[in-house]
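So this one's coords_29.csv, CSV, C-alpha atoms:
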chain,number,residue,atom,x,y,z
A,1,MET,CA,2.5,-1.9,21.2
A,2,LYS,CA,-0.4,-1.4,23.6
A,3,LYS,CA,-2.0,2.0,22.6
A,4,ILE,CA,-1.6,2.7,18.8
A,5,MET,CA,-2.5,5.9,16.9
A,6,ILE,CA,-2.7,5.7,13.1
A,7,THR,CA,-2.7,8.6,10.7
A,8,GLY,CA,-4.1,8.1,7.2
A,9,ALA,CA,-6.4,5.4,8.6
A,10,CYS,CA,-8.9,5.6,5.7
A,11,GLY,CA,-6.2,5.0,3.0
A,12,GLN,CA,-5.2,1.9,1.1
A,13,ILE,CA,-3.1,0.3,3.9
A,14,GLY,CA,-4.5,2.2,6.9
A,15,SER,CA,-8.1,1.0,6.5
A,16,GLU,CA,-7.1,-2.6,6.7
A,17,LEU,CA,-4.3,-2.1,9.2
A,18,VAL,CA,-6.7,-0.5,11.7
A,19,GLU,CA,-9.0,-3.6,11.6
A,20,LYS,CA,-6.0,-6.0,12.0
A,21,LEU,CA,-4.6,-4.1,15.0
A,22,ARG,CA,-8.0,-3.9,16.7
A,23,LYS,CA,-8.3,-7.6,16.4
A,24,GLU,CA,-4.9,-8.2,17.9
A,25,TYR,CA,-4.6,-5.4,20.5
A,26,GLY,CA,-8.2,-4.6,21.3
A,27,ARG,CA,-10.8,-2.3,19.7
A,28,ASP,CA,-10.3,0.6,22.1
A,29,ASN,CA,-6.5,0.5,22.0
A,30,VAL,CA,-6.3,1.7,18.4
A,31,LEU,CA,-7.1,5.3,17.5
A,32,ALA,CA,-7.8,5.8,13.8
A,33,THR,CA,-7.3,9.3,12.4
A,34,ASP,CA,-7.8,10.8,8.9
A,35,ILE,CA,-8.7,14.0,7.2
A,36,ARG,CA,-12.2,12.5,6.4
A,37,LYS,CA,-14.6,10.2,8.3
A,38,PRO,CA,-14.8,6.6,7.3
A,39,ALA,CA,-18.1,5.2,6.0
A,40,HIS,CA,-18.1,2.8,9.0
A,41,SER,CA,-16.1,2.9,12.2
A,42,THR,CA,-15.4,0.0,14.5
A,43,GLY,CA,-13.6,1.9,17.2
A,44,PRO,CA,-12.1,5.2,18.3
A,45,PHE,CA,-11.8,7.8,15.4
A,46,GLU,CA,-10.8,11.4,15.2
A,47,ILE,CA,-10.5,13.8,12.3
A,48,LEU,CA,-6.9,14.9,11.8
A,49,ASP,CA,-5.1,16.8,9.1
A,50,VAL,CA,-1.5,15.7,9.4
A,51,MET,CA,-0.3,19.2,8.6
A,52,ASP,CA,-1.8,20.2,12.0
A,53,ALA,CA,1.1,19.4,14.3
A,54,GLU,CA,-0.6,20.8,17.4
A,55,LYS,CA,-3.7,18.6,17.1
A,56,MET,CA,-1.7,15.5,16.2
A,57,LEU,CA,0.3,16.0,19.4
A,58,GLN,CA,-2.9,16.6,21.5
A,59,LEU,CA,-4.6,13.5,20.1
A,60,ALA,CA,-1.6,11.3,20.9
A,61,THR,CA,-1.3,12.8,24.4
A,62,ASP,CA,-5.0,12.4,25.2
A,63,PHE,CA,-5.0,8.8,23.9
A,64,GLN,CA,-1.9,8.0,25.9
A,65,ALA,CA,-0.4,6.4,22.8
A,66,ASP,CA,2.8,4.4,23.0
A,67,THR,CA,3.0,3.8,19.2
A,68,LEU,CA,2.4,6.1,16.2
A,69,MET,CA,1.9,4.6,12.7
A,70,HIS,CA,2.1,7.4,10.1
A,71,MET,CA,0.3,6.1,7.0
A,72,ALA,CA,-0.9,9.4,5.5
A,73,ALA,CA,0.7,10.1,2.0
A,74,LEU,CA,-0.1,11.1,-1.5
A,75,LEU,CA,0.8,8.1,-3.8
A,76,SER,CA,3.1,8.0,-6.9
A,77,ALA,CA,0.9,8.8,-9.9
A,78,THR,CA,-1.3,11.3,-8.0
A,79,ALA,CA,1.8,13.0,-6.6
A,80,GLU,CA,3.2,13.6,-10.1
A,81,ASN,CA,0.1,15.7,-10.9
A,82,ASN,CA,0.7,18.0,-8.0
A,83,PRO,CA,4.3,17.8,-6.9
A,84,VAL,CA,4.4,20.8,-4.6
A,85,PHE,CA,1.3,19.7,-2.7
A,86,ALA,CA,2.8,16.2,-2.5
A,87,TRP,CA,6.1,17.5,-1.0
A,88,ASN,CA,4.2,19.6,1.6
A,89,LEU,CA,1.9,16.8,2.6
A,90,ASN,CA,4.3,13.9,2.5
A,91,MET,CA,7.3,15.6,4.1
A,92,GLY,CA,5.4,18.1,6.4
A,93,GLY,CA,3.1,15.4,7.7
A,94,LEU,CA,6.1,13.0,8.3
A,95,MET,CA,8.0,15.7,10.2
A,96,ASN,CA,5.0,16.5,12.4
A,97,ALA,CA,4.5,12.8,13.2
A,98,LEU,CA,8.2,12.3,14.0
A,99,GLU,CA,8.1,15.3,16.3
A,100,VAL,CA,5.1,13.8,18.1
A,101,ALA,CA,7.0,10.5,18.5
A,102,ARG,CA,10.1,12.4,19.8
A,103,LYS,CA,8.2,14.5,22.3
A,104,LEU,CA,6.1,11.6,23.7
A,105,ASP,CA,8.8,8.9,23.3
A,106,LEU,CA,6.6,6.7,21.0
A,107,GLN,CA,7.5,3.7,18.9
A,108,PHE,CA,7.2,4.9,15.3
A,109,PHE,CA,6.3,3.3,12.0
A,110,THR,CA,6.0,4.7,8.5
A,111,PRO,CA,6.2,2.9,5.2
A,112,SER,CA,8.6,3.6,2.3
A,113,SER,CA,8.3,2.2,-1.2
A,114,ILE,CA,10.0,0.7,-4.2
A,115,GLY,CA,9.4,4.2,-5.5
A,116,ALA,CA,12.4,5.2,-3.5
A,117,PHE,CA,14.6,3.6,-6.2
A,118,GLY,CA,15.3,5.1,-9.6
A,119,PRO,CA,16.4,4.2,-13.2
A,120,THR,CA,20.0,4.0,-12.2
A,121,THR,CA,19.3,1.5,-9.4
A,122,GLN,CA,20.2,-2.2,-10.0
A,123,LYS,CA,17.0,-3.6,-11.5
A,124,GLU,CA,17.3,-7.3,-10.7
A,125,ASN,CA,17.5,-8.5,-7.0
A,126,THR,CA,17.8,-4.8,-5.9
A,127,PRO,CA,20.0,-4.8,-2.7
A,128,GLN,CA,18.9,-3.4,0.6
A,129,ASP,CA,21.6,-0.8,0.5
A,130,THR,CA,22.1,0.6,-3.0
A,131,LEU,CA,22.0,3.7,-5.2
A,132,GLN,CA,18.7,5.6,-4.8
A,133,ARG,CA,18.1,8.4,-7.3
A,134,PRO,CA,14.3,8.4,-8.0
A,135,THR,CA,12.9,10.5,-10.8
A,136,THR,CA,9.4,11.1,-9.2
A,137,MET,CA,8.3,13.5,-6.4
A,138,TYR,CA,6.9,10.5,-4.6
A,139,GLY,CA,10.2,8.7,-4.8
A,140,VAL,CA,12.1,11.8,-3.6
A,141,ASN,CA,9.7,12.1,-0.7
A,142,LYS,CA,10.3,8.4,0.2
A,143,VAL,CA,14.1,8.7,0.1
A,144,ALA,CA,14.0,11.9,2.2
A,145,GLY,CA,11.6,10.1,4.6
A,146,GLU,CA,13.9,7.1,5.0
A,147,LEU,CA,16.8,9.4,5.9
A,148,LEU,CA,14.7,11.5,8.2
A,149,CYS,CA,13.6,8.4,10.1
A,150,ASP,CA,17.2,7.3,10.4
A,151,TYR,CA,18.1,10.8,11.7
A,152,TYR,CA,15.4,10.8,14.4
A,153,TYR,CA,16.7,7.4,15.6
A,154,THR,CA,20.4,8.3,15.7
A,155,LYS,CA,19.9,11.9,16.9
A,156,PHE,CA,17.0,11.6,19.3
A,157,GLY,CA,16.7,7.8,20.0
A,158,VAL,CA,13.2,7.6,18.5
A,159,ASP,CA,12.4,3.9,17.9
A,160,THR,CA,11.7,4.3,14.2
A,161,ARG,CA,10.9,1.3,12.0
A,162,GLY,CA,9.7,0.9,8.4
A,163,VAL,CA,9.6,-1.2,5.2
A,164,ARG,CA,9.8,-0.5,1.5
A,165,PHE,CA,6.5,-1.8,0.2
A,166,PRO,CA,6.2,-3.2,-3.3
A,167,GLY,CA,2.8,-2.8,-5.1
A,168,LEU,CA,0.0,-3.9,-2.7
A,169,ILE,CA,-3.0,-5.8,-3.8
A,170,SER,CA,-6.2,-5.8,-1.7
A,171,ASN,CA,-9.7,-7.2,-2.0
A,172,VAL,CA,-10.9,-4.6,0.5
A,173,THR,CA,-9.6,-1.2,-0.7
A,174,PRO,CA,-10.1,-0.1,-4.4
A,175,PRO,CA,-7.2,1.4,-6.4
A,176,GLY,CA,-5.9,4.7,-4.9
A,177,GLY,CA,-3.6,6.5,-7.4
A,178,GLY,CA,-0.5,4.3,-7.3
A,179,THR,CA,1.4,3.1,-10.4
A,180,THR,CA,1.1,-0.5,-9.4
A,181,ASP,CA,-2.7,-0.2,-8.9
A,182,TYR,CA,-3.3,-1.9,-12.3
A,183,ALA,CA,-2.7,-5.2,-10.4
A,184,VAL,CA,-5.6,-4.4,-8.1
A,185,ASP,CA,-7.9,-3.0,-10.8
A,186,ILE,CA,-7.4,-6.1,-13.1
A,187,TYR,CA,-9.1,-8.3,-10.5
A,188,TYR,CA,-12.1,-6.0,-10.1
A,189,LYS,CA,-12.5,-5.8,-13.9
A,190,ALA,CA,-12.1,-9.6,-14.3
A,191,VAL,CA,-15.0,-10.2,-11.9
A,192,THR,CA,-17.3,-7.4,-13.1
A,193,GLU,CA,-16.5,-7.2,-16.9
A,194,GLY,CA,-14.5,-10.2,-17.8
A,195,LYS,CA,-11.9,-8.0,-19.5
A,196,TYR,CA,-9.2,-5.4,-18.7
A,197,THR,CA,-7.2,-2.8,-20.5
A,198,SER,CA,-3.7,-2.4,-19.0
A,199,TYR,CA,-2.1,1.0,-18.8
A,200,ILE,CA,1.2,-0.8,-18.0
A,201,ALA,CA,3.0,-2.5,-20.9
A,202,GLU,CA,3.5,-6.2,-21.3
A,203,GLY,CA,6.8,-7.3,-20.0
A,204,THR,CA,7.0,-4.7,-17.3
A,205,TYR,CA,8.0,-6.5,-14.1
A,206,MET,CA,7.2,-5.0,-10.7
A,207,ASP,CA,7.4,-6.4,-7.2
A,208,MET,CA,4.0,-7.1,-5.6
A,209,MET,CA,2.5,-8.3,-2.3
A,210,TYR,CA,-0.9,-9.4,-1.1
A,211,MET,CA,-2.3,-7.1,1.6
A,212,PRO,CA,-2.5,-9.9,4.3
A,213,ASP,CA,1.3,-10.4,4.0
A,214,ALA,CA,1.9,-6.6,4.1
A,215,LEU,CA,-0.1,-6.2,7.4
A,216,ASP,CA,1.6,-9.2,8.9
A,217,ALA,CA,5.0,-7.7,8.1
A,218,ILE,CA,4.1,-4.4,9.8
A,219,VAL,CA,3.1,-6.2,13.1
A,220,GLN,CA,6.1,-8.5,12.9
A,221,LEU,CA,8.6,-5.7,12.5
A,222,MET,CA,7.0,-3.6,15.2
A,223,GLU,CA,7.2,-6.6,17.6
A,224,ALA,CA,10.7,-7.5,16.7
A,225,ASP,CA,13.6,-7.3,19.1
A,226,ALA,CA,15.2,-3.8,18.7
A,227,ASP,CA,18.6,-5.2,19.4
A,228,LYS,CA,18.4,-7.4,16.3
A,229,LEU,CA,17.5,-4.5,13.9
A,230,VAL,CA,20.6,-3.4,12.0
A,231,HIS,CA,18.7,-1.3,9.4
A,232,ARG,CA,15.5,-0.4,11.4
A,233,ASN,CA,14.0,1.7,8.5
A,234,ALA,CA,13.2,1.0,4.9
A,235,PHE,CA,13.6,-2.8,4.8
A,236,ASN,CA,13.1,-4.3,1.3
A,237,ILE,CA,10.1,-6.7,1.4
A,238,THR,CA,8.4,-8.5,-1.4
A,239,ALA,CA,6.4,-11.6,-2.2
A,240,MET,CA,6.4,-11.9,-6.0
A,241,SER,CA,7.5,-10.1,-9.2
A,242,PHE,CA,5.3,-10.4,-12.3
A,243,GLU,CA,4.4,-8.6,-15.5
A,244,PRO,CA,0.8,-8.0,-16.8
A,245,SER,CA,0.6,-11.1,-19.0
A,246,GLU,CA,1.5,-13.3,-16.1
A,247,ILE,CA,-1.3,-12.0,-13.9
A,248,GLU,CA,-3.6,-12.4,-17.0
A,249,ALA,CA,-2.6,-16.1,-17.2
A,250,SER,CA,-3.2,-16.6,-13.5
A,251,ILE,CA,-6.7,-15.1,-13.7
A,252,LYS,CA,-7.5,-17.4,-16.7
A,253,LYS,CA,-6.9,-20.4,-14.6
A,254,TYR,CA,-10.1,-19.4,-12.7
A,255,ILE,CA,-11.9,-17.3,-15.4
A,256,PRO,CA,-10.9,-19.0,-18.7
A,257,LEU,CA,-12.8,-16.4,-20.9
A,258,PHE,CA,-11.0,-13.4,-19.3
A,259,GLU,CA,-9.5,-11.1,-21.9
A,260,MET,CA,-6.8,-8.4,-21.6
A,261,ASP,CA,-5.4,-5.8,-24.0
A,262,TYR,CA,-3.1,-2.8,-23.6
A,263,ASP,CA,-3.4,1.0,-23.8
A,264,VAL,CA,-0.2,2.2,-22.2
A,265,ASP,CA,-0.2,5.4,-20.2
A,266,PRO,CA,3.2,7.0,-20.9
A,267,ALA,CA,3.4,8.8,-17.5
A,268,ARG,CA,2.7,5.8,-15.4
A,269,GLN,CA,4.8,3.5,-17.7
A,270,ALA,CA,7.8,5.9,-17.2
A,271,ILE,CA,7.4,5.6,-13.4
A,272,ALA,CA,7.2,1.8,-13.6
A,273,ASP,CA,10.2,1.6,-15.8
A,274,SER,CA,12.2,3.5,-13.2
A,275,TRP,CA,11.5,1.0,-10.5
A,276,PRO,CA,13.2,-2.4,-9.8
A,277,ASP,CA,12.1,-5.6,-11.4
A,278,SER,CA,12.8,-7.6,-8.2
A,279,LEU,CA,14.0,-6.9,-4.7
A,280,ASP,CA,16.4,-8.6,-2.4
A,281,CYS,CA,14.7,-8.9,1.0
A,282,SER,CA,17.3,-11.0,2.8
A,283,ALA,CA,17.9,-8.2,5.4
A,284,ALA,CA,14.3,-8.4,6.5
A,285,LYS,CA,14.4,-12.2,6.7
A,286,GLU,CA,17.6,-12.2,8.7
A,287,GLU,CA,16.9,-9.3,11.1
A,288,TRP,CA,13.2,-10.0,11.9
A,289,GLY,CA,12.1,-13.2,10.2
A,290,PHE,CA,10.1,-11.8,7.3
A,291,GLN,CA,8.4,-14.4,5.1
A,292,ALA,CA,5.5,-13.9,2.7
A,293,LYS,CA,2.8,-16.6,2.5
A,294,TYR,CA,1.1,-15.7,-0.8
A,295,ASP,CA,2.4,-16.3,-4.3
A,296,LEU,CA,0.7,-15.2,-7.5
A,297,ASP,CA,-1.7,-18.1,-8.0
A,298,ARG,CA,-2.7,-18.3,-4.3
A,299,MET,CA,-3.3,-14.6,-4.3
A,300,THR,CA,-5.4,-14.7,-7.5
A,301,GLN,CA,-7.6,-17.5,-6.1
A,302,ASP,CA,-8.2,-15.6,-2.9
A,303,MET,CA,-8.8,-12.3,-4.6
A,304,LEU,CA,-11.3,-13.6,-7.1
A,305,GLU,CA,-13.2,-15.5,-4.4
A,306,LYS,CA,-13.3,-12.5,-2.0
A,307,LEU,CA,-14.2,-10.0,-4.7
A,308,THR,CA,-16.9,-12.1,-6.2
A,309,LYS,CA,-18.6,-12.4,-2.8
A,310,LYS,CA,-18.0,-8.8,-2.0
A,311,LEU,CA,-19.4,-7.4,-5.2
A,312,LYS,CA,-22.4,-9.7,-5.1
A,313,ASN,CA,-23.2,-8.5,-1.6
A,314,GLU,CA,-22.9,-4.9,-2.7
A,315,ALA,CA,-25.2,-5.4,-5.6
A,316,SER,CA,-27.9,-7.1,-3.5
As structure tokens, how would this structure be written, given the file I've shared?
Amino acid sequence: MKKIMITGACGQIGSELVEKLRKEYGRDNVLATDIRKPAHSTGPFEILDVMDAEKMLQLATDFQADTLMHMAALLSATAENNPVFAWNLNMGGLMNALEVARKLDLQFFTPSSIGAFGPTTQKENTPQDTLQRPTTMYGVNKVAGELLCDYYYTKFGVDTRGVRFPGLISNVTPPGGGTTDYAVDIYYKAVTEGKYTSYIAEGTYMDMMYMPDALDAIVQLMEADADKLVHRNAFNITAMSFEPSEIEASIKKYIPLFEMDYDVDPARQAIADSWPDSLDCSAAKEEWGFQAKYDLDRMTQDMLEKLTKKLKNEAS
């Protein structure tokens, strides 16, 4: 990767990915694009609606990109509220991005998700290759996207790569409409209010990952030797699996008076119940050396420290 163009650069992952890549590859070698302008920009930025295939191609051509990272998507809970729009954006945008990669011979990355699994998938230690029958529009989009990326590799030789992200927890980007976002919001509320009401039921396990590990995984996969990649797309990756009371207990180690109760949202609970409890990420470890650094307590300590400082600075 030398010249990288990113769609959805203002989103949950994109906003932090842009900064990481600019530090590693140079400020002017990463073109951020999104449908809206960021509050602050640290380098090249262009407005782009991913449904505009012609402009996407033109921007990549003018930038002389060698890599395209397609991060634009409507997330799980939001997608359920508008499934037709979600299909058009998630699949239409992906097709446009893959066509740009094909025409310009670009290396390509797009993320999949644990949402690509469904209630009939093996729940514990979910295999890399297994039954995928999701019951959400977001999940259907992700399964179709995995297959589409495989198709563009086998049919056209596009160097497509991707991971299945678990829930991602960030101290930079606030919750953005995902089912796993309770695990982000709980830290914000712990710092600002000292209490939290969970919309996910106690005992509901979901895989999670701290954002620094997620960003490292993207770079590591994109830099991996192509000859060693058996799967290429949709690698299972994870760092931890926990349920709400476990994250509560972790927070109480640092904020002893923190309180949590429950008001379960049936819609988001149904989505969570359809996903795996834990993922087998041995393929990612074997094929490109994936290894997460953060466990729950280490993440909690870092989240609370960073959020306390961030929110204090914002208030002053």
Inset, instruction - Do a neighbour search on A:Ser245 at 12 Å with only C-alpha atoms, toss out local chain neighbours closer than 4 positions, and write the hits as a ChimeraX atom specification. - result: /A:183,186,196-198,200-205,249-252,258-262
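Using only C-alpha atoms, the smallest distance between any of A:Asp216, A:Tyr152, A:Gly157, A:Arg102 and A:Glu24 comes from A:Asp216.
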Legend entry - atom CA of A:Cys149 to atom CA of A:Phe85, straight-line distance in Å: 21.0 Å
Legend entry - Of the listed residues A:Phe45, A:Thr154, A:Cys10, A:Ser170, that which approaches A:Arg27 most closely, counting only C-alpha atoms: A:Phe45
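Nearest-residue note for A:Tyr254: choosing from A:Ala284, A:Met69, A:Val230, A:Leu304, the minimum distance belongs to A:Leu304, counting all atoms listed in the file.
Comparing the minimum interatomic distances between A:Glu54 and each of A:Asp213, A:Glu99, A:Asp66, A:Asp280, counting only C-alpha atoms, we find that A:Glu99 sits nearest.
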Inset, instruction - Find the residues near A:Ala86: any atom within 12 Å, counting all atoms listed in the file, skip ones fewer than 2 places away on the same chain, and give them as a PyMOL selection string. - result: chain A and resi 51+72-84+88-94+136-142
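Taking all atoms listed in the file into account, A:Ser274 lies nearest to A:Met206 out of the set A:Met206, A:Pro166, A:Asn171, A:Asp28.
Atom CA of A:Trp288 sits 6.3 Å away from atom CA of A:Leu221.
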Inset, instruction - One decimal, Å: what's the distance from atom CA of A:Thr33 over to atom CA of A:Asp49, could you say? - result: 8.5 Å
Inset, instruction - Go through A:Leu31, A:Leu17, A:Asp62, A:Trp87 and flag the residue nearest A:Ala217, using all atoms listed in the file for the distances. - result: A:Leu17
So that each row is one residue of stretch 180-271 of chain A with an atom at most 12 Å from stretch 117-126 of chain A, can you give its shortest atom pair and the distance in Å to one decimal, using all atoms listed in the file, rows by chain and rising number, as a Markdown table?
| residue | atom | partner | partner_atom | distance |
| --- | --- | --- | --- | --- |
| A:Thr204 | CA | A:Lys123 | CA | 11.6 |
| A:Tyr205 | CA | A:Lys123 | CA | 9.8 |
| A:Met206 | CA | A:Lys123 | CA | 9.9 |
| A:Asp207 | CA | A:Asn125 | CA | 10.3 |
| A:Ala234 | CA | A:Phe117 | CA | 11.5 |
| A:Phe235 | CA | A:Thr126 | CA | 11.7 |
| A:Asn236 | CA | A:Thr126 | CA | 8.6 |
| A:Ile237 | CA | A:Thr126 | CA | 10.8 |
| A:Thr238 | CA | A:Asn125 | CA | 10.7 |
| A:Met240 | CA | A:Asn125 | CA | 11.7 |
| A:Ser241 | CA | A:Glu124 | CA | 10.3 |
| A:Ala270 | CA | A:Pro119 | CA | 9.6 |
| A:Ile271 | CA | A:Gly118 | CA | 8.8 |
Legend entry - Residues within 8 Å of A:Leu229, all atoms listed in the file, excluding chain neighbours under 4 positions, as number ranges by chain: A: 224-225, 287-288
Inset, instruction - Please work out which residues fall within 6 Å of (-8.4, 11.5, 14.0), coordinates as given in the file, with only C-alpha atoms counting, and return them as an NGL selection string. - result: :A and (32-34 or 45-48)
Inset, instruction - Determine, counting all atoms listed in the file, which protein, DNA and RNA residues have an atom within 7 Å of an atom of A:Met71; residues of the same chain fewer than 5 positions away are not included. Present the result as a PyMOL selection string. - result: chain A and resi 6-9+14+110-111
Within 7 Å of stretch 291-293 of chain A using all atoms listed in the file, minus same-chain residues under 2 positions, as a PDB file with C-alpha atoms, keeping the file's coordinate frame:
ATOM      1  CA  ASP A 213       1.300 -10.400   4.000  1.00  0.00           C
ATOM      2  CA  ALA A 239       6.400 -11.600  -2.200  1.00  0.00           C
ATOM      3  CA  LYS A 285      14.400 -12.200   6.700  1.00  0.00           C
ATOM      4  CA  GLY A 289      12.100 -13.200  10.200  1.00  0.00           C
ATOM      5  CA  ASP A 295       2.400 -16.300  -4.300  1.00  0.00           C
TER       6      ASP A 295
END
Student task, stretch 272-298 of chain A output with C-alpha atoms as a compact mmCIF listing (two decimals), in the first residue's frame:
# COMPACT_ATOMS: atom_id res chain seq x y z
CA ALA A 272 -27.76 -10.23 19.31
CA ASP A 273 -29.33 -13.64 19.97
CA SER A 274 -28.86 -14.58 16.32
CA TRP A 275 -25.10 -14.00 16.44
CA PRO A 276 -22.29 -16.27 17.71
CA ASP A 277 -21.16 -16.27 21.34
CA SER A 278 -17.51 -16.77 20.36
CA LEU A 279 -15.51 -17.05 17.14
CA ASP A 280 -12.72 -19.39 16.05
CA CYS A 281 -10.07 -17.12 14.49
CA SER A 282 -7.42 -19.79 13.92
CA ALA A 283 -7.44 -19.21 10.14
CA ALA A 284 -6.44 -15.55 10.59
CA LYS A 285 -3.69 -16.56 13.02
CA GLU A 286 -2.33 -19.25 10.71
CA GLU A 287 -2.55 -17.37 7.40
CA TRP A 288 -1.38 -13.88 8.40
CA GLY A 289 -0.40 -13.95 12.06
CA PHE A 290 -3.38 -12.19 13.64
CA GLN A 291 -3.08 -11.67 17.40
CA ALA A 292 -5.10 -9.24 19.55
CA LYS A 293 -3.32 -7.35 22.34
CA TYR A 294 -6.26 -6.17 24.49
CA ASP A 295 -8.37 -8.28 26.85
CA LEU A 296 -11.42 -6.92 28.71
CA ASP A 297 -9.67 -5.44 31.76
CA ARG A 298 -6.83 -3.88 29.77
